[in-house]
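Visitor: Sending over a structure as structure tokens; questions will come in a sec.
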Amino acid sequence: MIVLFTDFGLAGPYTGQVNAVLQQSAPGVPVIQLFADAPAGGARRGLIAEAAGRVYIGPDNGLLELVLRRAARPRCWEIGWRPPGLSASFHGRDLFAPVAGRLALGAPPAALASRAEPQGYPDWPDDLAEIVYIDHYGNALTGLRGESLPPGARLAAGGHSIAQARTFSSVPRGDAFWYVNANGLVEIAVNAGRADRALGLAIGSEIKILA
Amino acid sequence: MIVLFTDFGLAGPYTGQVNAVLQQSAPGVPVIQLFADAPAGGARRGLIAEAAGRVYIGPDNGLLELVLRRAARPRCWEIGWRPPGLSASFHGRDLFAPVAGRLALGAPPAALASRAEPQGYPDWPDDLAEIVYIDHYGNALTGLRGESLPPGARLAAGGHSIAQARTFSSVPRGDAFWYVNANGLVEIAVNAGRADRALGLAIGSEIKILA
Amino acid sequence: MIVLFTDFGLAGPYTGQVNAVLQQSAPGVPVIQLFADAPAGGARRGLIAEAAGRVYIGPDNGLLELVLRRAARPRCWEIGWRPPGLSASFHGRDLFAPVAGRLALGAPPAALASRAEPQGYPDWPDDLAEIVYIDHYGNALTGLRGESLPPGARLAAGGHSIAQARTFSSVPRGDAFWYVNANGLVEIAVNAGRADRALGLAIGSEIKILA
């Protein structure tokens with residue numbers, strides 16, 4: 001299975017072209033569009049990372065450094081393989097997709113890449129006390145892992161103090177609460193409402209933990 | 001074939017995670033993203049419904065009651081099966097997707113669920129004289145089935161009186177008309193224009209039938 | 001492989017219904033969602049076009065005329081086959097999808113269609129000096145093929161004069177430039193910014209080539 005996590009968007013031509021290349025490179029391997037609206041990333045050398053038995057391919061922009069940092073037995077390679085026609089602006093289609101296809105069909109990383117270390121991002125925290133994503137319901141996802149908060153902690157966000165609840169229906173309609181979401185991250189929501197509008201939250205809004 | 005009808009959105013992580021679970025649960029079974037922007041629904045017990053030879057899985061929020069109400073030989077079960085890690089907020093990924101995968105591979109509903117009746121929604125009409133969806137062309141879909149209207153009826157919507165036409169090109173550019181759309185529902189459109197803006201229509205706008 | 005290029009949008013029901021029909025018509029044939037937000041097109045007779053070994057199916061609205069115009073050994077057919085229930089408004093689902101499925105499984109065009117010429121669009125230029133698409137990064141794609149411009153040419157767009165650069169990182173942050181994008185078209189971008197907002201560009205904005 002090949003899983004896409006990109007900033008390419010679903011509208012427009014980009015994700016479709018990547019899928020077409022994956023289909024040509026690895027016919028029959030299922031492709032999952034996991035996430036297409038990540039923040040835009042800059043061009044960097046290409047890496048292959050192996051962590052906990054999964055293989056990741058992407059630019060050396062810090063995401064894979066974080067994956068490797070948290071993994072047991074991490075391994076990393078710099079992609080040396082180049083396709084015949086490599087565009088300057090679309091490495092996702094021209095470089096990462098064919099590499100992903102070859103790896104999905106069983107090629108070893110060493111056939112396409114040489115061992116390397118990812119660029120270090122020592123300043124990047126393991127937990128980020130900010131809103132990192134607003135989903136289409138208006139729920140505000142933070143960069144805090146659920147286990148990093150003491151149970152019963154309150155959060156301050158957008159000038160409001162927010163208590164924990166287990167589910168939407170545990171609080172009255174219109175009330176804000178935080179909970180550990182289905183991906184293990186702390187998320188701020190409003191029962192039957194949009195947390196972003198009700199609390200004035202946006203990507204980058206700061207969160208304070210009130211122990 | 002597994003068909004998704006959800007309020008998860010295509011952007012963001014939700015639909016992708018459901019697809020990943022379906023791929024793991026039922027490798028090789030094609031998955032169709034039929035509709036991802038249905039109105040948000042609340043948490044309810046999970047049902048399996050069988051109607052006209054098709055199997056439906058989802059919360060007991062009234063949608064399946066309507067499906068069963070219209071079907072010959074309807075059957076319904078309440079899902080008792082639980083996955084090892086069931087999140088409080090994402091039953092689509094954690095409960096419905098693995099159940100769908102197992103049913104697609106041939107498991108009988110009775111292996112995962114017990115016979116039950118859906119919650120009754122006796123107040124829900126068979127036809128809803130409202131705008132229920134605005135598509136990306138600006139066409140306004142109603143909850144009226146085409147066969148519920150006498151041919152030649154006029155509709156009142158947004159302060160306008162609207163006549164029937166068979167296709168867009170049957171009326172002058174800029175004119176509004178209604179027609180029975182490709183799903184059998186009454187739809188209001190404007191030739192070479194957006195009906196929502198031209199007529200001031202939004203989801204929930206009331207429609208009157210002028211016989 | 002079946003590739004979709006449509007104005008149906010990804011949200012809403014249209015693309016999903018087309019995919020369901022393709023899956024029924026040609027089980028196991030991979031379907032790629034290449035582009036779903038092309039400008040809306042009107043209803044026209046349906047064509048099958050063969051160009052450079054690829055088969056195209058769609059309305060006779062000029063897109064296929066352009067494909068055929070540029071191809072060696074172009075061939076064109078008008079679709080005569082009709083499905084049992086052909087809606088007036090959704091030929092993509094009811095006509096083009098089942099025809100695509102049959103051709104993908106090996107049916108010859110002549111089994112579904114008769115040789116025909118596409119409608120001529122002699123006024124349509126090979127290169128269009130306009131913005132034709134704004135992508136989700138805010139980059140402004142033109143209808144100019146990269147090889148149609150002399151290297152080093154400047155473009156005038158939105159009252160600005162824009163020089164060529166090879167990649168985003170070749171210019172200072174916030175600066176506008178043009179480059180030949182990964183599809184071979186001239187594209188206007190701003191390093192670490194949105195060209196549409198910075199330069200006041202929208203679909204249809206005129207471009208001038210300053211030699």
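Identifiers in the structure tokens: chain A, B, ... in order shown; residue index from 1 per chain; ligand index from 1 in order shown.
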Kindly determine which residues of chain C lie within 7 Å of chain A, considering only C-alpha atoms, and give the answer as a VMD selection string.
Guide: chain C and resid 32 to 37 135 to 136 167 181 to 182
Visitor: Could you please write out, as number ranges by chain, every residue of range 3-150 of chain C that DSSP assigns to strand (DSSP E)?
Guide: C: 3-5, 31-35, 46-51, 54-59, 75-79, 113-115, 128-134, 140-145
Visitor: The selected residues should be written to file as a PDB file, in the first residue's frame (atoms: C-alpha atoms).
Guide:
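Written out: again_37.pdb:
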ATOM      1  CA  VAL C   3      -7.961   8.909 -16.518  1.00  0.00           C
ATOM      2  CA  LEU C   4     -10.665  11.458 -15.608  1.00  0.00           C
ATOM      3  CA  PHE C   5     -10.424  15.092 -16.717  1.00  0.00           C
ATOM      4  CA  VAL C  31      -9.056   4.948 -12.520  1.00  0.00           C
ATOM      5  CA  ILE C  32      -7.008   8.117 -11.988  1.00  0.00           C
ATOM      6  CA  GLN C  33      -8.708  11.385 -10.957  1.00  0.00           C
ATOM      7  CA  LEU C  34      -6.447  13.645 -12.993  1.00  0.00           C
ATOM      8  CA  PHE C  35      -8.335  16.911 -12.869  1.00  0.00           C
ATOM      9  CA  GLY C  46     -19.945  12.563 -27.796  1.00  0.00           C
ATOM     10  CA  LEU C  47     -16.647  11.764 -29.481  1.00  0.00           C
ATOM     11  CA  ILE C  48     -13.971   9.116 -29.269  1.00  0.00           C
ATOM     12  CA  ALA C  49     -10.576  10.425 -30.360  1.00  0.00           C
ATOM     13  CA  GLU C  50      -7.389   8.440 -30.875  1.00  0.00           C
ATOM     14  CA  ALA C  51      -4.136  10.372 -30.762  1.00  0.00           C
ATOM     15  CA  ARG C  54      -4.141   7.106 -26.438  1.00  0.00           C
ATOM     16  CA  VAL C  55      -7.931   7.096 -26.569  1.00  0.00           C
ATOM     17  CA  TYR C  56      -9.962  10.103 -25.447  1.00  0.00           C
ATOM     18  CA  ILE C  57     -13.721  10.205 -24.800  1.00  0.00           C
ATOM     19  CA  GLY C  58     -15.708  13.381 -24.306  1.00  0.00           C
ATOM     20  CA  PRO C  59     -18.004  16.036 -25.720  1.00  0.00           C
ATOM     21  CA  ARG C  75      -8.683   9.375 -35.701  1.00  0.00           C
ATOM     22  CA  CYS C  76     -12.123  10.420 -34.522  1.00  0.00           C
ATOM     23  CA  TRP C  77     -15.537   8.783 -34.058  1.00  0.00           C
ATOM     24  CA  GLU C  78     -18.968  10.008 -33.018  1.00  0.00           C
ATOM     25  CA  ILE C  79     -20.508   7.845 -30.286  1.00  0.00           C
ATOM     26  CA  ALA C 113     -19.193   4.815 -32.794  1.00  0.00           C
ATOM     27  CA  SER C 114     -18.896   5.864 -36.429  1.00  0.00           C
ATOM     28  CA  ARG C 115     -16.000   7.756 -37.997  1.00  0.00           C
ATOM     29  CA  LEU C 128      -3.227  31.389 -25.288  1.00  0.00           C
ATOM     30  CA  ALA C 129      -1.643  34.456 -23.705  1.00  0.00           C
ATOM     31  CA  GLU C 130      -3.940  34.409 -20.681  1.00  0.00           C
ATOM     32  CA  ILE C 131      -4.081  33.012 -17.197  1.00  0.00           C
ATOM     33  CA  VAL C 132      -5.987  29.744 -17.550  1.00  0.00           C
ATOM     34  CA  TYR C 133      -5.804  28.347 -14.003  1.00  0.00           C
ATOM     35  CA  ILE C 134      -4.882  29.444 -10.491  1.00  0.00           C
ATOM     36  CA  ALA C 140      -0.973  31.393 -12.137  1.00  0.00           C
ATOM     37  CA  LEU C 141      -0.782  29.011 -15.092  1.00  0.00           C
ATOM     38  CA  THR C 142      -0.880  30.468 -18.595  1.00  0.00           C
ATOM     39  CA  GLY C 143      -1.963  28.885 -21.859  1.00  0.00           C
ATOM     40  CA  LEU C 144       1.517  29.471 -23.310  1.00  0.00           C
ATOM     41  CA  ARG C 145       3.714  26.485 -24.014  1.00  0.00           C
TER      42      ARG C 145
END
Visitor: Residues within 9 Å of Ala192 in chain C, please, as a PyMOL selection string. Count only C-alpha atoms; anything in the same chain fewer than 2 positions from it doesn't count.
Guide: (chain A and resi 42) or (chain C and resi 168+172-175+189-190+194)
Visitor: Please save C-alpha atoms of the selected residues as a PDB file, in the first residue's frame.
Guide:
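Result saved to result30.pdb:
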ATOM      1  CA  GLY A  42      10.091  23.929   0.179  1.00  0.00           C
TER       2      GLY A  42
ATOM      3  CA  PHE C 168      11.392  29.302  -6.689  1.00  0.00           C
ATOM      4  CA  PRO C 172      14.350  36.481  -3.287  1.00  0.00           C
ATOM      5  CA  ARG C 173      11.342  35.746  -1.087  1.00  0.00           C
ATOM      6  CA  GLY C 174       8.328  37.730  -2.241  1.00  0.00           C
ATOM      7  CA  ASP C 175       9.626  38.215  -5.791  1.00  0.00           C
ATOM      8  CA  ALA C 189       4.723  32.425  -9.307  1.00  0.00           C
ATOM      9  CA  VAL C 190       5.990  34.312  -6.276  1.00  0.00           C
ATOM     10  CA  ARG C 194       0.725  33.784  -3.828  1.00  0.00           C
TER      11      ARG C 194
END
Visitor: Determine, counting only C-alpha atoms, which protein, DNA and RNA residues have an atom within 8 Å of an atom of Arg154 in chain C; residues of the same chain fewer than 2 positions away are not included. Present the result as a list in words.
Guide: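 Within the cut-off, the hits are Gly152, Ala156, Ser161, Ile162, Ala163, Gln164, Ile209, Leu210 and Ala211 of chain C.
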